[in-house]
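Quick look at input.txt (compact mmCIF, C-alpha atoms):
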# COMPACT_ATOMS: atom_id res chain seq x y z
CA MET M 206 -73.35 -62.80 -84.68
CA ALA M 207 -73.80 -66.15 -82.92
CA GLY M 208 -73.99 -66.20 -79.16
CA PRO M 209 -71.97 -68.46 -76.89
CA SER M 210 -72.39 -72.17 -77.35
CA ALA M 211 -74.02 -74.36 -74.73
CA GLU M 212 -70.60 -75.70 -73.79
CA GLU M 213 -69.25 -72.17 -73.31
CA VAL M 214 -72.24 -71.23 -71.14
CA ILE M 215 -71.75 -74.31 -68.98
CA LYS M 216 -68.02 -73.62 -68.57
CA ALA M 217 -68.63 -69.96 -67.76
CA SER M 218 -71.18 -70.98 -65.14
CA ALA M 219 -68.83 -73.56 -63.64
CA ASP M 220 -66.02 -70.99 -63.50
CA TRP M 221 -68.21 -68.34 -61.86
CA TRP M 222 -67.32 -69.58 -58.35
CA ALA M 223 -64.04 -71.30 -59.29
CA THR M 224 -62.08 -72.14 -56.16
CA GLU M 225 -58.85 -73.77 -55.10
CA ILE M 226 -60.36 -74.70 -51.73
CA SER M 227 -63.01 -77.34 -52.24
CA GLU M 228 -63.91 -79.87 -54.92
CA ILE M 229 -67.49 -81.02 -54.42
CA LYS M 230 -69.06 -83.61 -56.73
CA PRO M 231 -71.61 -86.36 -56.18
CA GLY M 232 -69.94 -88.73 -53.69
CA ILE M 233 -66.75 -86.62 -53.57
CA ILE M 234 -65.51 -83.99 -51.08
CA ASN M 235 -61.87 -82.92 -51.44
CA LEU M 236 -60.40 -79.96 -49.56
CA ARG M 237 -57.18 -78.41 -50.88
CA GLY M 238 -56.36 -81.70 -52.61
CA HIS M 239 -57.04 -83.88 -49.56
CA ARG M 240 -59.90 -86.37 -49.40
CA ILE M 241 -62.35 -85.59 -46.64
CA ALA M 242 -61.98 -89.12 -45.26
CA GLU M 243 -58.24 -88.54 -44.80
CA LEU M 244 -58.87 -85.28 -42.94
CA ILE M 245 -61.54 -86.85 -40.73
CA GLU M 246 -59.32 -89.78 -39.82
CA ASN M 247 -55.92 -88.13 -39.45
CA TRP M 248 -56.17 -84.35 -38.98
CA ASP M 249 -57.01 -82.16 -35.99
CA PHE M 250 -59.30 -79.17 -36.40
CA VAL M 251 -56.66 -76.43 -36.14
CA SER M 252 -54.51 -78.14 -38.77
CA VAL M 253 -57.53 -78.15 -41.07
CA ILE M 254 -58.01 -74.44 -40.36
CA TRP M 255 -54.40 -73.90 -41.49
CA LEU M 256 -54.96 -76.02 -44.59
CA MET M 257 -58.15 -74.19 -45.53
CA THR M 258 -56.81 -70.66 -44.98
CA LYS M 259 -53.16 -71.07 -45.97
CA GLY M 260 -53.43 -73.87 -48.53
CA THR M 261 -50.78 -76.22 -47.16
CA ALA M 262 -50.41 -78.85 -44.47
CA PRO M 263 -48.96 -77.17 -41.35
CA THR M 264 -45.68 -78.15 -39.79
CA LYS M 265 -45.68 -79.30 -36.17
CA TYR M 266 -44.84 -75.84 -34.88
CA GLN M 267 -47.22 -74.03 -37.21
CA SER M 268 -50.05 -76.16 -35.88
CA ARG M 269 -48.88 -75.83 -32.29
CA LEU M 270 -48.52 -72.04 -32.40
CA LEU M 271 -51.83 -71.50 -34.18
CA THR M 272 -53.53 -73.79 -31.68
CA ALA M 273 -52.07 -71.81 -28.77
CA ALA M 274 -53.15 -68.46 -30.24
CA MET M 275 -56.68 -69.67 -30.84
CA VAL M 276 -57.06 -71.37 -27.45
CA ALA M 277 -55.84 -68.23 -25.70
CA SER M 278 -58.52 -66.12 -27.41
CA VAL M 279 -61.52 -68.37 -26.76
CA ASP M 280 -63.19 -66.41 -23.95
CA HIS M 281 -62.89 -63.44 -21.62
CA GLY M 282 -66.11 -63.63 -19.65
CA PRO M 283 -69.53 -61.94 -19.77
CA GLN M 284 -67.98 -58.50 -19.23
CA ALA M 285 -66.77 -58.66 -22.84
CA PRO M 286 -69.38 -56.92 -25.03
CA SER M 287 -69.37 -59.71 -27.62
CA ILE M 288 -70.19 -62.28 -24.92
CA ALA M 289 -72.73 -60.12 -23.10
CA SER M 290 -74.60 -59.28 -26.30
CA ALA M 291 -74.87 -62.93 -27.27
CA ARG M 292 -76.20 -63.80 -23.83
CA MET M 293 -78.80 -61.04 -24.04
CA ALA M 294 -79.73 -61.99 -27.57
CA ILE M 295 -80.45 -65.63 -26.78
CA THR M 296 -83.03 -64.59 -24.14
CA CYS M 297 -85.02 -62.79 -26.83
CA GLY M 298 -86.22 -65.98 -28.48
CA ILE M 299 -83.79 -66.08 -31.40
CA GLY M 300 -81.83 -69.13 -32.50
CA ILE M 301 -78.37 -70.06 -31.25
CA ASN M 302 -76.86 -69.15 -34.62
CA ASN M 303 -78.42 -65.67 -34.41
CA ALA M 304 -77.07 -65.18 -30.90
CA VAL M 305 -73.57 -66.21 -31.99
CA ALA M 306 -73.77 -63.87 -34.97
CA THR M 307 -74.85 -61.04 -32.65
CA GLY M 308 -71.72 -61.51 -30.56
CA ILE M 309 -69.34 -61.89 -33.47
CA ASN M 310 -70.77 -58.80 -35.15
CA LEU M 311 -69.57 -56.73 -32.17
CA LEU M 312 -65.94 -57.66 -32.85
CA GLY M 313 -64.75 -54.48 -34.52
CA ASP M 314 -61.75 -52.19 -34.46
CA THR M 315 -62.16 -51.32 -30.76
CA HIS M 316 -63.36 -54.65 -29.35
CA GLY M 317 -61.57 -57.43 -31.21
CA GLY M 318 -59.38 -55.52 -33.64
CA ALA M 319 -56.20 -54.95 -31.62
CA GLY M 320 -54.62 -58.21 -32.76
CA GLN M 321 -54.92 -57.29 -36.42
CA GLN M 322 -53.67 -53.79 -35.69
CA CYS M 323 -50.66 -55.12 -33.78
CA VAL M 324 -49.74 -57.42 -36.66
CA GLU M 325 -49.88 -54.38 -38.94
CA LEU M 326 -47.65 -52.40 -36.57
CA LEU M 327 -45.09 -55.20 -36.28
CA GLN M 328 -45.03 -55.60 -40.05
CA GLN M 329 -44.52 -51.87 -40.54
CA ILE M 330 -41.49 -51.97 -38.25
CA ARG M 331 -40.12 -55.09 -39.94
CA SER M 332 -40.51 -53.50 -43.39
CA GLN M 333 -38.36 -50.59 -42.25
CA GLU M 334 -35.74 -52.97 -40.85
CA MET M 335 -35.59 -54.76 -44.19
CA ALA M 336 -35.07 -51.38 -45.84
CA GLY M 337 -31.99 -50.85 -43.68
CA ILE M 338 -33.47 -48.72 -40.90
CA GLU M 339 -32.21 -49.52 -37.39
CA THR M 340 -34.81 -51.22 -35.20
CA GLN M 341 -35.15 -48.48 -32.59
CA GLN M 342 -35.60 -45.83 -35.25
CA ALA M 343 -38.11 -47.99 -37.09
CA ILE M 344 -40.08 -48.42 -33.86
CA SER M 345 -39.98 -44.69 -33.16
CA ASN M 346 -41.19 -43.94 -36.69
CA SER M 347 -44.05 -46.43 -36.52
CA VAL M 348 -45.20 -45.47 -33.01
CA SER M 349 -45.23 -41.78 -33.94
CA LYS M 350 -47.27 -42.52 -37.03
CA TRP M 351 -49.62 -44.79 -35.10
CA LYS M 352 -50.27 -42.14 -32.45
CA GLU M 353 -51.62 -39.90 -35.18
CA ARG M 354 -54.63 -42.24 -35.36
CA SER M 355 -54.89 -43.46 -31.74
CA LYS M 356 -53.39 -42.83 -28.32
CA PHE M 357 -53.46 -46.59 -27.67
CA ILE M 358 -50.68 -48.83 -28.99
CA PRO M 359 -52.37 -52.10 -29.98
CA GLY M 360 -51.16 -55.19 -28.15
CA PHE M 361 -50.09 -53.42 -24.96
CA GLY M 362 -51.88 -52.77 -21.68
CA HIS M 363 -55.12 -54.24 -20.42
CA ARG M 364 -58.08 -52.60 -18.73
CA PHE M 365 -58.55 -55.63 -16.45
CA HIS M 366 -55.26 -57.50 -16.02
CA PRO M 367 -52.12 -55.83 -14.57
CA VAL M 368 -50.24 -58.61 -16.41
CA ASP M 369 -52.19 -60.69 -18.91
CA PRO M 370 -51.99 -64.35 -17.77
CA ARG M 371 -52.05 -65.52 -21.39
CA ARG M 372 -48.90 -63.63 -22.34
CA ARG M 373 -46.15 -65.78 -20.82
CA PRO M 374 -47.21 -69.22 -22.11
CA LEU M 375 -47.67 -67.81 -25.61
CA LEU M 376 -44.27 -66.11 -25.65
CA ASP M 377 -42.64 -69.23 -24.19
CA LEU M 378 -43.97 -71.26 -27.14
CA VAL M 379 -42.66 -68.68 -29.59
CA ASP M 380 -39.23 -68.73 -27.91
CA GLU M 381 -39.22 -72.52 -28.15
CA ALA M 382 -40.09 -72.39 -31.84
CA VAL M 383 -37.29 -69.89 -32.45
CA ALA M 384 -34.81 -72.05 -30.54
CA ASN M 385 -35.80 -75.00 -32.72
CA ARG M 386 -35.49 -72.87 -35.87
CA ALA M 387 -39.13 -73.49 -36.71
CA ILE M 388 -39.67 -69.73 -37.14
CA GLU M 389 -37.22 -66.90 -37.71
CA GLY M 390 -38.05 -64.85 -34.63
CA HIS M 391 -37.93 -61.38 -36.18
CA PHE M 392 -41.28 -60.31 -34.80
CA ILE M 393 -40.82 -61.42 -31.21
CA LYS M 394 -37.57 -59.44 -31.13
CA ILE M 395 -39.36 -56.40 -32.52
CA ALA M 396 -42.22 -56.76 -30.04
CA ARG M 397 -39.87 -56.92 -27.08
CA HIS M 398 -37.98 -53.85 -28.28
CA LEU M 399 -41.34 -52.14 -28.82
CA GLU M 400 -42.40 -52.95 -25.26
CA GLN M 401 -39.18 -51.43 -23.93
CA PHE M 402 -39.69 -48.34 -26.09
CA ILE M 403 -43.27 -47.83 -24.92
CA ASN M 404 -42.26 -48.11 -21.25
CA GLU M 405 -39.23 -45.84 -21.30
CA GLY M 406 -39.56 -43.30 -18.48
CA ARG M 407 -42.84 -44.74 -17.21
CA ASP M 408 -43.36 -45.41 -13.50
CA LYS M 409 -46.22 -47.80 -14.22
CA PRO M 410 -45.35 -50.16 -17.08
CA ILE M 411 -47.71 -51.05 -19.91
CA PRO M 412 -47.00 -54.74 -20.53
CA MET M 413 -47.72 -56.68 -23.68
CA ASN M 414 -51.14 -58.34 -23.61
CA ILE M 415 -52.74 -61.27 -25.44
CA ASP M 416 -53.26 -59.21 -28.59
CA GLY M 417 -49.54 -58.49 -28.71
CA ALA M 418 -48.58 -62.09 -27.99
CA THR M 419 -50.95 -63.56 -30.57
CA ALA M 420 -49.93 -60.88 -33.08
CA ILE M 421 -46.34 -62.11 -32.73
CA ILE M 422 -47.51 -65.64 -33.50
CA TYR M 423 -49.58 -64.58 -36.50
CA ALA M 424 -46.76 -62.41 -37.85
CA GLU M 425 -44.15 -65.15 -37.34
CA LEU M 426 -46.46 -67.60 -39.15
CA GLY M 427 -46.87 -65.23 -42.10
CA ILE M 428 -50.59 -64.74 -41.49
CA GLU M 429 -51.97 -61.55 -42.97
CA PRO M 430 -53.44 -58.98 -40.54
CA GLU M 431 -57.00 -59.30 -41.85
CA LEU M 432 -56.84 -63.08 -41.67
CA ALA M 433 -55.50 -62.80 -38.11
CA ARG M 434 -58.68 -60.96 -37.13
CA GLY M 435 -60.78 -63.62 -38.84
CA LEU M 436 -59.00 -66.34 -36.88
CA PHE M 437 -59.59 -64.41 -33.66
CA CYS M 438 -63.31 -64.19 -34.49
CA LEU M 439 -63.35 -67.92 -35.16
CA SER M 440 -61.70 -68.56 -31.80
CA ARG M 441 -63.85 -66.14 -29.79
CA GLY M 442 -66.90 -67.67 -31.47
CA VAL M 443 -66.35 -70.72 -29.24
CA GLY M 444 -66.72 -68.61 -26.11
CA ILE M 445 -69.68 -66.75 -27.58
CA LEU M 446 -71.39 -70.04 -28.40
CA SER M 447 -70.70 -71.44 -24.92
CA HIS M 448 -72.09 -68.41 -23.12
CA ALA M 449 -75.15 -68.15 -25.35
CA TRP M 450 -75.87 -71.84 -24.78
CA GLU M 451 -75.47 -71.49 -21.00
CA GLU M 452 -77.74 -68.45 -20.93
CA SER M 453 -80.39 -70.27 -22.96
CA LYS M 454 -80.64 -72.82 -20.14
CA GLY M 455 -81.16 -70.18 -17.44
CA GLY M 456 -84.86 -69.61 -18.08
CA LYS M 457 -84.69 -65.80 -18.18
CA ARG M 458 -86.57 -63.89 -20.86
CA ILE M 459 -85.48 -60.63 -22.47
CA LYS M 460 -82.49 -60.25 -20.18
CA GLY M 461 -81.17 -56.71 -20.36
CA PRO M 462 -77.68 -55.38 -19.67
CA MET M 463 -78.35 -54.80 -15.96
CA PRO M 464 -80.66 -56.21 -13.25
CA THR M 465 -84.24 -54.88 -13.37
CA THR M 466 -83.78 -53.50 -9.85
CA ILE M 467 -81.30 -50.99 -11.27
CA LEU M 468 -82.52 -48.39 -13.74
CA PRO M 469 -80.32 -46.18 -15.89
CA SER M 470 -79.79 -42.65 -14.59
CA TYR M 471 -81.92 -40.06 -16.33
CA ILE M 472 -79.93 -36.95 -17.19
CA GLY M 473 -82.38 -35.26 -19.54
CA PRO M 474 -84.52 -32.15 -18.93
CA GLU M 475 -86.80 -32.04 -15.92
CA VAL M 476 -90.33 -33.18 -16.59
CA LYS M 477 -92.76 -30.26 -16.27
Go ahead and express the file in the form of structure tokens.
Amino acid sequence: MAGPSAEEVIKASADWWATEISEIKPGIINLRGHRIAELIENWDFVSVIWLMTKGTAPTKYQSRLLTAAMVASVDHGPQAPSIASARMAITCGIGINNAVATGINLLGDTHGGAGQQCVELLQQIRSQEMAGIETQQAISNSVSKWKERSKFIPGFGHRFHPVDPRRRPLLDLVDEAVANRAIEGHFIKIARHLEQFINEGRDKPIPMNIDGATAIIYAELGIEPELARGLFCLSRGVGILSHAWEESKGGKRIKGPMPTTILPSYIGPEVK
């Protein structure tokens, strides 16, 4: 039995990494059907992010909302583990790319995953609404189910900010987009009802934070939860890069998590 022809082998090889994203040939770079020269000359970076991940040119409000969500997530200071780890890493003699990777690799379910989780929660509630379940009941169902896996409701409360200063401008932009019929507004309504539900009977409220506000944007834009986390990592990567670069100019070597004048408490057995 004859094996595949040379033409078949070539086609199979070419199809191995077949992609709708980029067409790369000698002298040619096209992304999602757009010439790279057009993108360089006429597009902003966030619009290209939308094109690359979603496959279409964004509308004005899609670009504006995605820009706001990504700007809001850029940095939260050296107390954030992802930032601190990148700053420590760069003092160990590794490259800037390795330091950035160190920081991004710390963005997991606990530190960096709340936005994705909040999108999932909002979508769960919306799915019940679409099945005919009243909003309050849908919220109660989803919160009860969520509390089986965690006592924290993603997107609400903040260990540092009594009221997250990024919340209001993000929600204002969403409200504006709804008013202009650029988005439907289902998820911001759900999120506000969810906030009321969470705070019923509480003396000290737990307000929506940046993860909740950006989750509303991602959900309204039809961005999948996993992709929402990826976009957050892309955004926070800017802050990680900035801090790693600043630390690299400080002249310190092998900088640990605390000053050398302070040593960790020893709580092991007494030395005999």
- Item | Counting only C-alpha atoms, the option among M:Arg386, M:His363, M:Lys454, M:Arg354 closest to Ile295 (chain M) |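 Checking each candidate against Ile295 (chain M), we get M:Lys454 as the closest.
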- Contacts of Leu378 (chain M) at 12 Å or less, counting all atoms listed in the file, minus same-chain residues fewer than 6 places along, as a list in words?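 Within the cut-off, the hits are Tyr266, Gln267, Ser268, Arg269, Leu270, Leu271, Thr272, Ala273, Ala274, Arg371, Arg372, Ala384, Asn385, Ala387, Ile388, Gly390, Ile393, Ala418, Thr419, Ile421, Ile422 and Glu425 of chain M.
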- Item | Distance of CA of Met275 (chain M) from CA of Thr258 (chain M), expressed in Å to one decimal place |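 If I compute the distance from CA of Thr258 (chain M) to CA of Met275 (chain M), I get 14.2 Å.
Atom pair CA of Ala424 (chain M) / CA of Glu400 (chain M) has a distance of 16.3 Å (rounded to one decimal).
Among the candidates M:Arg240, M:Lys457, M:Lys409, M:Lys265, the one nearest to Val368 (chain M) when counting all atoms listed in the file is M:Lys409.
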- Message: The residues within 9 Å of (-54.5, -76.3, -47.9), using all atoms listed in the file and the coordinates of the file, should be reported as an NGL selection string; which are they?
- Response: :M and (225-226 or 236-239 or 253-263)
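Comparing the minimum interatomic distances between His366 (chain M) and each of M:Ala277, M:Ile467, M:Val348, M:Ile415, counting only C-alpha atoms, we find that M:Ile415 sits nearest.
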- Task: Between CA of Gly442 (chain M) and CA of Asn310 (chain M), measure the distance and give it in Å to one decimal.
- Result: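 Between these atoms lies a distance of 10.4 Å.
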- Write out as a ChimeraX atom specification the residues lying within 12 Å of Trp450 (chain M), counting all atoms listed in the file and excluding same-chain residues fewer than 4 positions away. /M:288,291-296,299-305,442-446,454-456
- Have a look at M:Gln322, M:Thr264, M:Thr315, M:Gln342 and name the one nearest to Asp416 (chain M); count all atoms listed in the file.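 Of all the options, M:Gln322 lies closest to Asp416 (chain M).
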- Can you tell me, as a list of chain:residue names, what residues are no more than 10 Å from Pro359 (chain M) when counting all atoms listed in the file, ignoring any on the same chain fewer than 3 positions away?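 My reading of the contact set: M:Thr315, M:Gly318, M:Ala319, M:Gly320, M:Gln321, M:Gln322, M:Cys323, M:Val324, M:Glu325, M:Leu326, M:Trp351, M:Ser355, M:Lys356, M:Gly362, M:Met413, M:Asn414, M:Asp416, M:Gly417, M:Ala420.
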- For Ala285 (chain M), which of M:Ile229, M:Val383, M:Leu312, M:Ala433 is the closest residue, counting all atoms listed in the file?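 Smallest distance to Ala285 (chain M) is found for M:Leu312.
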